[in-house]
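Colleague: Coordinates in structure-v1.txt, compact mmCIF, C-alpha atoms and all ligand atoms, are listed below.
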```
# COMPACT_ATOMS: atom_id res chain seq x y z
CA MET Z 1 -15.99 -23.61 -0.17
CA LYS Z 2 -17.93 -20.63 -1.42
CA ARG Z 3 -19.93 -21.38 -4.50
CA LEU Z 4 -20.12 -18.95 -7.39
CA LEU Z 5 -23.77 -18.49 -6.47
CA ASP Z 6 -22.82 -17.05 -3.08
CA LEU Z 7 -20.67 -14.28 -4.50
CA PRO Z 8 -21.46 -10.65 -3.79
CA THR Z 9 -23.57 -9.04 -6.51
CA PRO Z 10 -20.94 -7.23 -8.63
CA GLN Z 11 -18.70 -10.28 -8.95
CA ARG Z 12 -21.62 -12.58 -9.55
CA ARG Z 13 -23.03 -10.33 -12.21
CA ALA Z 14 -19.60 -10.14 -13.86
CA ILE Z 15 -19.31 -13.92 -13.92
CA ASP Z 16 -22.87 -14.39 -15.20
CA LEU Z 17 -22.18 -11.95 -18.03
CA VAL Z 18 -18.90 -13.65 -18.88
CA LYS Z 19 -20.70 -17.00 -19.06
CA GLU Z 20 -23.42 -15.61 -21.31
CA VAL Z 21 -21.04 -13.90 -23.71
CA ALA Z 22 -18.70 -16.91 -23.73
CA ALA Z 23 -21.61 -19.20 -24.69
CA GLU Z 24 -22.59 -16.88 -27.55
CA LYS Z 25 -19.02 -16.72 -28.84
CA ASP Z 26 -18.27 -20.35 -28.18
CA CYS Z 27 -15.34 -19.55 -25.85
CA HIS Z 28 -14.25 -21.46 -22.80
CA PRO Z 29 -13.04 -19.24 -19.93
CA TYR Z 30 -11.66 -20.49 -16.63
CA LEU Z 31 -11.44 -18.59 -13.39
CA VAL Z 32 -7.78 -18.91 -12.28
CA GLY Z 33 -5.27 -18.16 -9.55
CA GLY Z 34 -6.10 -15.87 -6.61
CA PRO Z 35 -9.92 -15.94 -7.01
CA VAL Z 36 -10.11 -19.74 -7.06
CA ARG Z 37 -7.85 -19.92 -4.02
CA ASP Z 38 -10.04 -17.37 -2.23
CA LEU Z 39 -13.28 -19.18 -3.17
CA LEU Z 40 -11.90 -22.46 -1.82
CA LEU Z 41 -11.07 -20.62 1.39
CA GLY Z 42 -14.63 -19.35 1.64
CA ARG Z 43 -13.65 -15.75 0.86
CA SER Z 44 -16.00 -13.97 -1.47
CA ALA Z 45 -14.46 -10.60 -2.35
CA ILE Z 46 -12.68 -12.13 -5.30
CA ASP Z 47 -10.96 -10.58 -8.33
CA VAL Z 48 -12.30 -11.73 -11.66
CA ASP Z 49 -9.22 -13.26 -13.35
CA LEU Z 50 -9.97 -15.42 -16.37
CA THR Z 51 -7.83 -17.52 -18.66
CA LEU Z 52 -8.72 -19.06 -22.05
CA GLU Z 53 -6.73 -21.30 -24.34
CA ASP Z 54 -8.28 -19.57 -27.38
CA GLY Z 55 -10.40 -16.57 -28.04
CA SER Z 56 -9.41 -14.20 -25.24
CA SER Z 57 -9.52 -11.20 -27.55
CA THR Z 58 -12.95 -12.22 -28.93
CA LEU Z 59 -14.32 -12.64 -25.42
CA ALA Z 60 -12.80 -9.37 -24.15
CA ARG Z 61 -14.20 -7.31 -27.02
CA ALA Z 62 -17.64 -8.94 -26.99
CA LEU Z 63 -17.89 -8.54 -23.25
CA ALA Z 64 -16.89 -4.86 -23.37
CA LYS Z 65 -19.52 -4.30 -26.05
CA ARG Z 66 -22.22 -6.05 -24.05
CA VAL Z 67 -21.56 -4.02 -20.89
CA GLU Z 68 -20.83 -0.79 -22.76
CA GLY Z 69 -17.43 -0.81 -21.14
CA ARG Z 70 -13.88 -0.34 -22.23
CA VAL Z 71 -11.24 -2.87 -23.15
CA ARG Z 72 -7.52 -2.32 -22.81
CA SER Z 73 -5.02 -4.74 -24.25
CA PHE Z 74 -1.53 -5.63 -23.02
CA PRO Z 75 -0.07 -7.57 -25.94
CA GLN Z 76 3.27 -8.39 -24.27
CA PHE Z 77 1.37 -10.36 -21.60
CA LEU Z 78 -1.42 -11.62 -23.90
CA THR Z 79 -3.96 -10.04 -21.57
CA TYR Z 80 -7.03 -7.74 -21.70
CA LYS Z 81 -8.73 -5.71 -19.06
CA VAL Z 82 -12.46 -4.96 -19.32
CA THR Z 83 -13.89 -2.17 -17.21
CA ALA Z 84 -17.46 -0.92 -16.97
CA GLU Z 85 -19.64 1.05 -14.61
CA GLY Z 86 -20.89 -1.07 -11.68
CA LEU Z 87 -18.73 -4.09 -12.48
CA PRO Z 88 -15.42 -5.20 -10.99
CA GLU Z 89 -12.43 -5.13 -13.36
CA ILE Z 90 -12.34 -8.26 -15.46
CA ASP Z 91 -8.92 -9.59 -16.47
CA ILE Z 92 -8.89 -11.91 -19.45
CA ALA Z 93 -5.67 -13.71 -20.41
CA THR Z 94 -4.57 -16.20 -23.01
CA ALA Z 95 -3.18 -19.35 -21.37
CA ARG Z 96 0.58 -19.03 -21.58
CA LYS Z 97 3.92 -20.66 -21.18
CA GLU Z 98 6.73 -18.69 -19.63
CA ARG Z 99 10.44 -19.07 -20.08
CA TYR Z 100 12.91 -17.27 -17.83
CA ARG Z 101 15.82 -16.36 -20.10
CA ARG Z 102 17.79 -15.27 -17.09
CA PRO Z 103 17.01 -15.35 -13.39
CA GLY Z 104 15.14 -12.34 -12.08
CA ALA Z 105 14.25 -10.95 -15.52
CA LEU Z 106 10.67 -10.81 -16.74
CA PRO Z 107 9.82 -14.05 -18.57
CA ALA Z 108 9.32 -14.52 -22.31
CA VAL Z 109 5.66 -15.34 -22.87
CA THR Z 110 4.13 -17.61 -25.53
CA ALA Z 111 0.63 -19.04 -25.87
CA GLY Z 112 0.17 -22.41 -24.17
CA ARG Z 113 -2.37 -24.85 -22.79
CA LEU Z 114 -4.29 -24.35 -19.55
CA LYS Z 115 -2.03 -26.83 -17.77
CA ASP Z 116 1.12 -24.94 -18.87
CA ASP Z 117 -0.45 -21.77 -17.56
CA LEU Z 118 -1.14 -23.29 -14.18
CA LEU Z 119 2.26 -24.92 -13.82
CA ARG Z 120 4.17 -21.70 -14.59
CA ARG Z 121 2.73 -20.07 -11.46
CA ASP Z 122 4.22 -19.24 -8.09
CA PHE Z 123 2.53 -21.54 -5.56
CA SER Z 124 0.30 -24.62 -5.72
CA ILE Z 125 -2.56 -22.74 -4.03
CA ASN Z 126 -2.47 -20.18 -6.88
CA ALA Z 127 -2.30 -22.84 -9.61
CA ILE Z 128 -5.93 -23.98 -9.72
CA ALA Z 129 -8.48 -23.22 -12.44
CA MET Z 130 -12.25 -23.45 -12.20
CA ASP Z 131 -14.33 -24.27 -15.27
CA LEU Z 132 -17.07 -21.65 -15.30
CA ASP Z 133 -19.50 -24.03 -17.05
CA ASN Z 134 -19.66 -26.64 -14.35
CA GLY Z 135 -17.47 -25.51 -11.44
CA ALA Z 136 -14.99 -28.36 -12.07
CA LEU Z 137 -11.46 -27.74 -10.82
CA HIS Z 138 -8.23 -28.23 -12.78
CA ASP Z 139 -5.55 -28.70 -10.18
CA PRO Z 140 -2.37 -30.20 -11.67
CA ALA Z 141 -0.16 -29.20 -8.70
CA ASP Z 142 -2.48 -30.49 -5.98
CA GLY Z 143 -3.19 -27.02 -4.68
CA GLU Z 144 -6.51 -27.92 -3.11
CA ALA Z 145 -4.76 -30.32 -0.73
CA ASP Z 146 -2.30 -27.52 0.20
CA ILE Z 147 -5.20 -25.19 0.89
CA GLU Z 148 -6.60 -27.80 3.26
CA ARG Z 149 -3.20 -28.23 4.91
CA ARG Z 150 -2.82 -24.45 4.90
CA VAL Z 151 0.64 -24.40 3.34
CA ILE Z 152 2.45 -22.37 0.70
CA ARG Z 153 4.44 -24.58 -1.66
CA VAL Z 154 6.39 -23.72 -4.82
CA LEU Z 155 5.95 -25.88 -7.89
CA HIS Z 156 9.64 -26.49 -8.61
CA ASP Z 157 13.03 -25.88 -7.03
CA ARG Z 158 14.05 -22.99 -9.29
CA SER Z 159 10.93 -20.97 -8.60
CA PHE Z 160 12.50 -18.35 -6.32
CA LEU Z 161 15.55 -18.02 -8.58
CA ASP Z 162 13.44 -17.49 -11.69
CA ASP Z 163 11.38 -14.88 -9.91
CA PRO Z 164 12.75 -13.74 -6.53
CA THR Z 165 9.76 -11.42 -6.03
CA ARG Z 166 7.94 -14.63 -5.11
CA ILE Z 167 9.80 -14.46 -1.79
CA PHE Z 168 7.81 -11.32 -0.96
CA ARG Z 169 4.63 -12.95 -2.26
CA ALA Z 170 5.12 -16.08 -0.12
CA ILE Z 171 5.54 -14.02 3.05
CA ARG Z 172 2.62 -11.76 2.19
CA LEU Z 173 0.25 -14.61 1.43
CA ALA Z 174 1.32 -16.73 4.40
CA THR Z 175 0.66 -13.81 6.75
CA ARG Z 176 -2.61 -12.78 5.13
CA LEU Z 177 -4.08 -16.29 5.06
CA GLY Z 178 -2.49 -17.59 8.28
CA PHE Z 179 -0.67 -20.31 6.28
CA THR Z 180 2.80 -21.71 6.89
CA ILE Z 181 5.53 -21.94 4.30
CA GLU Z 182 6.10 -25.64 3.75
CA PRO Z 183 9.63 -26.71 4.95
CA HIS Z 184 11.19 -27.50 1.56
CA THR Z 185 9.82 -24.24 0.14
CA ALA Z 186 11.16 -22.38 3.20
CA SER Z 187 14.62 -23.83 2.69
CA LEU Z 188 14.58 -22.92 -1.04
CA MET Z 189 13.61 -19.43 0.01
CA ARG Z 190 16.49 -19.16 2.47
CA GLU Z 191 18.94 -20.50 -0.12
CA ALA Z 192 17.73 -17.96 -2.67
CA ILE Z 193 18.11 -15.08 -0.22
CA GLU Z 194 21.53 -16.24 0.97
CA GLY Z 195 22.63 -16.78 -2.63
CA SER Z 196 21.77 -13.11 -3.39
CA ALA Z 197 18.92 -13.98 -5.77
CA PHE Z 198 17.57 -10.44 -5.37
CA ASP Z 199 20.66 -9.00 -7.09
CA THR Z 200 19.11 -10.03 -10.41
CA VAL Z 201 15.92 -8.03 -9.88
CA ALA Z 202 15.41 -4.36 -10.71
CA LYS Z 203 15.10 -2.20 -7.58
CA GLU Z 204 11.81 -0.81 -8.89
CA ARG Z 205 10.25 -4.27 -8.76
CA LEU Z 206 11.47 -4.84 -5.20
CA TRP Z 207 10.01 -1.52 -4.07
CA ARG Z 208 6.72 -2.40 -5.71
CA GLU Z 209 6.64 -5.62 -3.71
CA LEU Z 210 7.55 -3.73 -0.54
CA PHE Z 211 4.69 -1.28 -1.08
CA LEU Z 212 2.29 -4.20 -1.62
CA ALA Z 213 3.48 -5.56 1.73
CA MET Z 214 2.62 -2.18 3.30
CA ASP Z 215 -0.90 -2.43 1.84
CA GLU Z 216 -1.61 -5.74 3.59
CA PRO Z 217 -4.10 -5.77 6.47
CA ASP Z 218 -1.36 -7.01 8.79
CA ALA Z 219 1.46 -5.00 7.24
CA PRO Z 220 3.53 -4.86 10.48
CA ALA Z 221 3.75 -8.67 10.63
CA VAL Z 222 4.61 -8.93 6.91
CA LEU Z 223 7.28 -6.24 7.16
CA ALA Z 224 8.83 -7.68 10.32
CA THR Z 225 9.05 -11.11 8.64
CA LEU Z 226 10.58 -9.63 5.49
CA VAL Z 227 13.25 -7.95 7.61
CA ALA Z 228 13.86 -11.06 9.72
CA GLN Z 229 14.32 -13.13 6.55
CA GLY Z 230 16.81 -10.65 5.11
CA ALA Z 231 14.52 -9.87 2.16
CA LEU Z 232 14.93 -6.11 2.52
CA ALA Z 233 18.72 -6.19 2.74
CA PRO Z 234 19.11 -5.69 -1.05
CA LEU Z 235 17.18 -2.43 -0.78
CA PHE Z 236 18.73 -0.92 2.31
CA GLY Z 237 21.00 -3.34 4.16
CA ASN Z 238 20.09 -5.19 7.29
CA ARG Z 239 18.38 -2.97 9.81
CA GLU Z 240 16.76 -5.38 12.16
CA HIS Z 241 16.56 -4.21 15.73
CA GLU Z 242 14.76 -5.33 18.81
CA GLU Z 243 12.10 -2.69 18.88
CA LEU Z 244 11.24 -2.89 15.18
CA ARG Z 245 8.19 -5.13 15.36
CA ALA Z 246 6.61 -3.11 18.19
CA ARG Z 247 7.24 0.14 16.33
CA LEU Z 248 5.67 -1.20 13.14
CA GLU Z 249 2.68 -2.39 15.17
CA ARG Z 250 2.20 1.05 16.69
CA VAL Z 251 2.34 2.66 13.26
CA GLY Z 252 -0.19 0.09 12.01
CA ALA Z 253 -2.54 0.94 14.89
CA GLN Z 254 -2.21 4.66 14.19
CA LEU Z 255 -2.90 4.13 10.47
CA ALA Z 256 -6.09 2.28 11.37
CA GLN Z 257 -7.28 5.52 12.98
CA GLN Z 258 -5.78 7.77 10.34
CA PRO Z 259 -6.07 5.84 7.08
CA GLU Z 260 -5.37 8.94 4.98
CA ALA Z 261 -1.80 9.23 6.35
CA ASP Z 262 1.04 8.28 4.00
CA ARG Z 263 1.64 4.68 5.02
CA TYR Z 264 4.55 4.17 2.61
CA VAL Z 265 6.47 7.12 4.04
CA LEU Z 266 5.74 6.11 7.63
CA TYR Z 267 6.63 2.45 7.32
CA THR Z 268 9.74 3.19 5.24
CA GLY Z 269 10.90 5.75 7.81
CA VAL Z 270 10.49 3.21 10.59
CA LEU Z 271 12.27 0.49 8.59
CA LEU Z 272 15.19 2.84 7.94
CA ARG Z 273 15.33 4.09 11.46
CA GLY Z 274 18.63 5.53 12.52
CA ASP Z 275 20.29 6.38 9.29
CA ALA Z 276 18.64 7.14 5.98
CA SER Z 277 19.94 8.97 2.96
CA PRO Z 278 18.51 9.53 -0.50
CA VAL Z 279 20.50 6.61 -2.00
CA ASP Z 280 18.31 4.28 0.06
CA PHE Z 281 15.31 5.25 -2.10
CA GLU Z 282 16.67 4.36 -5.50
CA GLY Z 283 13.81 2.80 -7.45
CA SER Z 284 11.13 3.73 -4.93
CA GLY Z 285 9.58 6.47 -7.04
CA PHE Z 286 9.30 8.70 -3.94
CA SER Z 287 9.08 12.38 -4.83
CA GLN Z 288 11.73 14.59 -3.25
CA LYS Z 289 9.20 15.81 -0.74
CA ARG Z 290 8.23 12.32 0.38
CA ALA Z 291 11.86 11.17 0.44
CA ARG Z 292 12.63 14.11 2.74
CA ALA Z 293 9.79 13.07 5.02
CA VAL Z 294 11.21 9.53 5.21
CA VAL Z 295 14.69 10.85 6.01
CA GLU Z 296 13.26 13.12 8.68
CA ILE Z 297 11.45 10.23 10.35
CA ALA Z 298 14.41 7.89 10.11
CA ASN Z 299 17.03 10.37 11.29
CA GLU Z 300 15.30 12.98 13.43
CA PHE Z 301 12.65 11.07 15.34
CA PRO Z 302 14.65 10.53 18.58
CA ARG Z 303 15.48 14.25 18.77
CA VAL Z 304 11.90 15.32 18.05
CA ILE Z 305 10.29 12.97 20.56
CA GLU Z 306 12.74 14.11 23.21
CA SER Z 307 12.00 17.79 22.68
CA VAL Z 308 8.24 17.13 22.64
CA GLY Z 309 8.69 15.31 25.96
CA ALA Z 310 10.34 18.40 27.42
CA ALA Z 311 7.68 20.84 26.15
CA GLU Z 312 5.45 22.21 28.87
CA THR Z 313 3.07 24.54 27.10
CA ASP Z 314 0.96 24.40 23.98
CA ALA Z 315 3.04 27.20 22.55
CA GLU Z 316 6.24 25.16 22.93
CA ARG Z 317 4.62 22.03 21.56
CA PHE Z 318 3.08 23.81 18.62
CA ARG Z 319 6.41 25.39 17.72
CA ILE Z 320 7.95 21.90 17.46
CA TYR Z 321 4.97 20.51 15.55
CA ARG Z 322 5.13 23.37 13.08
CA GLY Z 323 8.75 22.52 12.25
CA VAL Z 324 8.11 18.91 11.20
CA THR Z 325 6.21 17.02 8.48
CA ALA Z 326 2.65 15.70 8.79
CA GLU Z 327 4.07 12.15 8.78
CA MET Z 328 6.33 12.96 11.73
CA LEU Z 329 3.25 14.14 13.63
CA THR Z 330 1.47 10.89 12.84
CA LEU Z 331 4.45 8.95 14.14
CA LEU Z 332 4.58 11.05 17.31
CA ALA Z 333 0.91 10.28 17.89
CA ALA Z 334 1.68 6.58 17.41
CA GLU Z 335 4.68 6.51 19.72
CA ARG Z 336 3.79 8.79 22.64
CA ALA Z 337 0.72 8.11 24.72
CA GLY Z 338 -1.31 11.31 25.08
CA GLU Z 339 0.48 13.16 22.27
CA GLY Z 340 -2.39 12.52 19.84
CA VAL Z 341 -4.67 14.85 21.81
CA HIS Z 342 -2.18 17.73 21.60
CA ILE Z 343 -1.59 17.09 17.91
CA GLU Z 344 -5.32 17.09 17.25
CA ARG Z 345 -5.58 20.45 19.02
CA PHE Z 346 -2.66 21.72 16.94
CA ARG Z 347 -4.37 20.65 13.72
CA GLU Z 348 -7.53 22.46 14.77
CA PHE Z 349 -5.47 25.48 15.71
CA GLU Z 350 -3.77 25.49 12.30
CA LYS Z 351 -7.15 25.39 10.59
CA PHE Z 352 -8.66 28.08 12.81
CA LYS Z 353 -9.09 31.34 10.88
CA LEU Z 354 -10.39 34.79 11.84
CA PRO Z 355 -12.73 36.61 9.47
CA LEU Z 356 -10.30 39.51 9.53
CA ARG Z 357 -8.34 41.07 6.66
CA GLY Z 358 -5.41 43.48 6.79
CA ASN Z 359 -7.57 46.34 5.46
CA ASP Z 360 -10.08 45.87 8.30
CA LEU Z 361 -7.45 47.15 10.75
CA GLU Z 362 -7.33 50.60 9.17
CA VAL Z 363 -3.66 51.12 9.93
CA PRO Z 364 -0.77 51.78 7.52
CA GLY Z 365 0.41 48.58 5.73
CA GLY Z 366 3.51 46.53 6.61
CA PRO Z 367 4.62 43.31 8.29
CA HIS Z 368 3.08 44.39 11.60
CA VAL Z 369 -0.40 43.83 10.12
CA ALA Z 370 0.11 40.09 9.58
CA GLN Z 371 1.82 39.81 12.97
CA ALA Z 372 -1.09 41.53 14.69
CA ILE Z 373 -3.64 39.28 13.00
CA GLU Z 374 -1.64 36.19 14.00
CA ARG Z 375 -1.42 37.33 17.65
CA THR Z 376 -5.13 38.01 17.64
CA ARG Z 377 -5.82 34.55 16.22
CA VAL Z 378 -3.83 33.01 19.10
CA ALA Z 379 -5.63 35.18 21.67
CA VAL Z 380 -9.11 34.27 20.35
CA TRP Z 381 -8.17 30.59 20.13
CA ASN Z 382 -6.94 30.63 23.75
CA GLY Z 383 -10.10 32.37 24.89
CA GLU Z 384 -8.15 35.43 26.06
CA ILE Z 385 -10.50 37.68 24.09
CA PRO Z 386 -13.99 37.06 22.70
CA PRO Z 387 -14.21 36.77 18.89
CA GLU Z 388 -16.27 39.96 18.57
CA GLU Z 389 -13.36 41.97 19.98
CA ALA Z 390 -10.89 40.53 17.46
CA ARG Z 391 -10.89 43.57 15.18
CA SER Z 392 -10.30 46.20 17.85
CA TYR Z 393 -7.70 44.01 19.56
CA ALA Z 394 -5.81 43.45 16.31
CA ARG Z 395 -5.90 47.18 15.55
CA LYS Z 396 -4.45 47.96 18.99
CA VAL Z 397 -1.68 45.39 18.57
CA ALA Z 398 -0.86 46.64 15.09
CA LYS Z 399 -0.56 50.24 16.26
CA ARG Z 400 1.68 49.24 19.13
CA LEU Z 401 3.92 47.19 16.85
CA LEU Z 402 4.11 50.09 14.46
CA GLU Z 403 5.14 52.47 17.25
CA ASP Z 404 7.70 50.02 18.61
CA ALA Z 405 9.25 49.82 15.17
CA ARG Z 406 9.75 53.59 14.98
N1 LIG R 501 1.72 -15.09 -10.24
C1 LIG R 501 2.89 -15.84 -10.27
N2 LIG R 501 4.12 -15.27 -10.00
C2 LIG R 501 4.18 -13.95 -9.70
C3 LIG R 501 3.02 -13.16 -9.69
C4 LIG R 501 1.80 -13.76 -9.96
O1 LIG R 501 2.83 -17.03 -10.53
N3 LIG R 501 5.36 -13.40 -9.44
C5 LIG R 501 0.41 -15.75 -10.56
C6 LIG R 501 -0.28 -16.41 -9.38
O2 LIG R 501 -0.93 -17.55 -9.86
C7 LIG R 501 -1.31 -15.41 -8.95
C8 LIG R 501 -1.71 -14.76 -10.29
O3 LIG R 501 -0.49 -14.77 -11.05
O4 LIG R 501 -2.42 -16.04 -8.35
C9 LIG R 501 -2.24 -13.34 -10.17
O5 LIG R 501 -1.32 -12.49 -9.53
P1 LIG R 501 -1.77 -11.40 -8.48
O6 LIG R 501 -3.01 -10.77 -8.90
O7 LIG R 501 -0.57 -10.56 -8.18
O8 LIG R 501 -1.97 -12.29 -7.17
P2 LIG R 501 -3.19 -12.97 -6.46
O9 LIG R 501 -2.79 -14.38 -6.15
O10 LIG R 501 -4.46 -12.76 -7.18
O11 LIG R 501 -3.13 -12.27 -5.06
P3 LIG R 501 -3.86 -11.02 -4.45
O12 LIG R 501 -4.94 -11.64 -3.64
O13 LIG R 501 -2.76 -10.39 -3.65
O14 LIG R 501 -4.36 -10.16 -5.59
```
Please go through the file and, once you have read it, give me the structure as structure tokens.
Modeller:
Amino acid sequence: MKRLLDLPTPQRRAIDLVKEVAAEKDCHPYLVGGPVRDLLLGRSAIDVDLTLEDGSSTLARALAKRVEGRVRSFPQFLTYKVTAEGLPEIDIATARKERYRRPGALPAVTAGRLKDDLLRRDFSINAIAMDLDNGALHDPADGEADIERRVIRVLHDRSFLDDPTRIFRAIRLATRLGFTIEPHTASLMREAIEGSAFDTVAKERLWRELFLAMDEPDAPAVLATLVAQGALAPLFGNREHEELRARLERVGAQLAQQPEADRYVLYTGVLLRGDASPVDFEGSGFSQKRARAVVEIANEFPRVIESVGAAETDAERFRIYRGVTAEMLTLLAAERAGEGVHIERFREFEKFKLPLRGNDLEVPGGPHVAQAIERTRVAVWNGEIPPEEARSYARKVAKRLLEDAR
């Protein structure tokens, strides 16, 4: 187990400050949930999530004052967020009880004791609190033993019905940590999926969970498991196919080289492969432009990869590349060995500019001017003419075009 002392500087400084301010204000904060789980696993890049039975607002405000930071309050969840330069975000919550008035809806929240707060949570490994004063653990659901056994276990049989998004969370966590889902929990999960538990949840919440899955380090494995378990069927039917896992893996590998690419568009396009339409994106929050890119990937990819395969020259390739979205290009690079090199050349070509303006050509204006400059750009790029001859070449081309048009 990592001790608090071993934490990286920003987290450690945050915790030291919390302890100091809590002592001054006579408050008693506990570190809870994800960060305690991660500390017990020896991971140190923890979030700073705190819970108090009393005094969360006093602690949040005093802490913000001390660090000259800002405090935001979320009264419906009884939580505060403190942010300051050079410190990680600090979440401070009042211990709470939750009651699910109907399955799948957000719970009603009331103040409670620490134990209530721990036992309302998703899995035993996320239901541990650490007393910041002395490092003692509060572990009413025996989560530490489950961490040792490396299993994900729910705290009661209705857990997935109360909050079906926990199905996504279980698969995400199991994959990230290399844990297994304990057999009884796995069968509750299957029952919930087969009993259409997701029907009670707003589509927006399901998409949010799906995007979190796409943010995971091993997103392809998480996504393939979600599909295999039928967890994505409520969003867009069952689209499992043999090649899916390999395709997701190839996209994952490409994203590792091109982290700025739009991972949500790419993964969604691959998941929807074959047949996508805008109704599939209800609740996703995709702009029209991004939704179009997903549809293009899902519906047009086989045609595009075939025509790229048949292209023999740069000119032919570039014409195809120019007609598709940036995400389609990324997918082509992922799927076709050797295509990445051509695409890279295309990107350089698209960026390549001549220091030449229409007026420099000293010919009458009209569409032939832009055409001549474009042809000259291609000729310089291909090395057919040296850059210093660009102006005279462009002028010659423009004159010829002008004559041809007469
Ligand atoms: N939680 C829960 N049920 C949910 C969401 C969250 O019980 N549907 C609880 C868990 O105890 C979790 C804590 O709230 O540990 C904080 O949630 P979150 O920050 O989403 O998860 P972490 O466990 O911190 O995971 P991550 O490492 O992905 O941030």
Colleague: For each of Z:Lys289, Z:Arg96, Z:Arg319, Z:Arg169, take the minimum atom-to-atom distance to ligand LIG 501 (chain R), counting only C-alpha atoms and all ligand atoms, then give the residue where this is smallest.
Modeller: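 Nearest to ligand LIG 501 (chain R): Z:Arg169.
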Colleague: For ligand LIG 501 (chain R), collect every residue having any atom at a distance of at most 8 Å from a ligand atom (counting all atoms listed in the file); output as a ChimeraX atom specification.
Modeller: /Z:32-35,37-38,46-47,49,118,120-123,125-127,163-166,169,173
Colleague: Would you mind listing what lies within 12 Å of Asp215 of chain Z as a ChimeraX atom specification, with all atoms listed in the file counted and same-chain residues fewer than 5 positions away left out?
Modeller: /Z:172,176,208-210,220-223,252,255-256,259,262-264,267
Colleague: Could you save those same residues with C-alpha atoms as a PDB file, in the coordinates of the input?
Modeller:
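So again.pdb came out as:
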```
ATOM      1  CA  ARG Z 172       2.620 -11.760   2.190  1.00  0.00           C
ATOM      2  CA  ARG Z 176      -2.610 -12.780   5.130  1.00  0.00           C
ATOM      3  CA  ARG Z 208       6.720  -2.400  -5.710  1.00  0.00           C
ATOM      4  CA  GLU Z 209       6.640  -5.620  -3.710  1.00  0.00           C
ATOM      5  CA  LEU Z 210       7.550  -3.730  -0.540  1.00  0.00           C
ATOM      6  CA  PRO Z 220       3.530  -4.860  10.480  1.00  0.00           C
ATOM      7  CA  ALA Z 221       3.750  -8.670  10.630  1.00  0.00           C
ATOM      8  CA  VAL Z 222       4.610  -8.930   6.910  1.00  0.00           C
ATOM      9  CA  LEU Z 223       7.280  -6.240   7.160  1.00  0.00           C
ATOM     10  CA  GLY Z 252      -0.190   0.090  12.010  1.00  0.00           C
ATOM     11  CA  LEU Z 255      -2.900   4.130  10.470  1.00  0.00           C
ATOM     12  CA  ALA Z 256      -6.090   2.280  11.370  1.00  0.00           C
ATOM     13  CA  PRO Z 259      -6.070   5.840   7.080  1.00  0.00           C
ATOM     14  CA  ASP Z 262       1.040   8.280   4.000  1.00  0.00           C
ATOM     15  CA  ARG Z 263       1.640   4.680   5.020  1.00  0.00           C
ATOM     16  CA  TYR Z 264       4.550   4.170   2.610  1.00  0.00           C
ATOM     17  CA  TYR Z 267       6.630   2.450   7.320  1.00  0.00           C
TER      18      TYR Z 267
END
```
Colleague: Quote the spacing between atom CA of Glu282 of chain Z and atom CA of Asp199 of chain Z in Å to one decimal place.
Modeller: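 So the answer is 14.0 Å.
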Colleague: Which neighbours of segment 357-369 of chain Z fall inside 12 Å, counting all atoms listed in the file, when residues of the same chain fewer than 5 positions from it are skipped, and could you give them as a ChimeraX atom specification?
Modeller: /Z:374-377,390-406
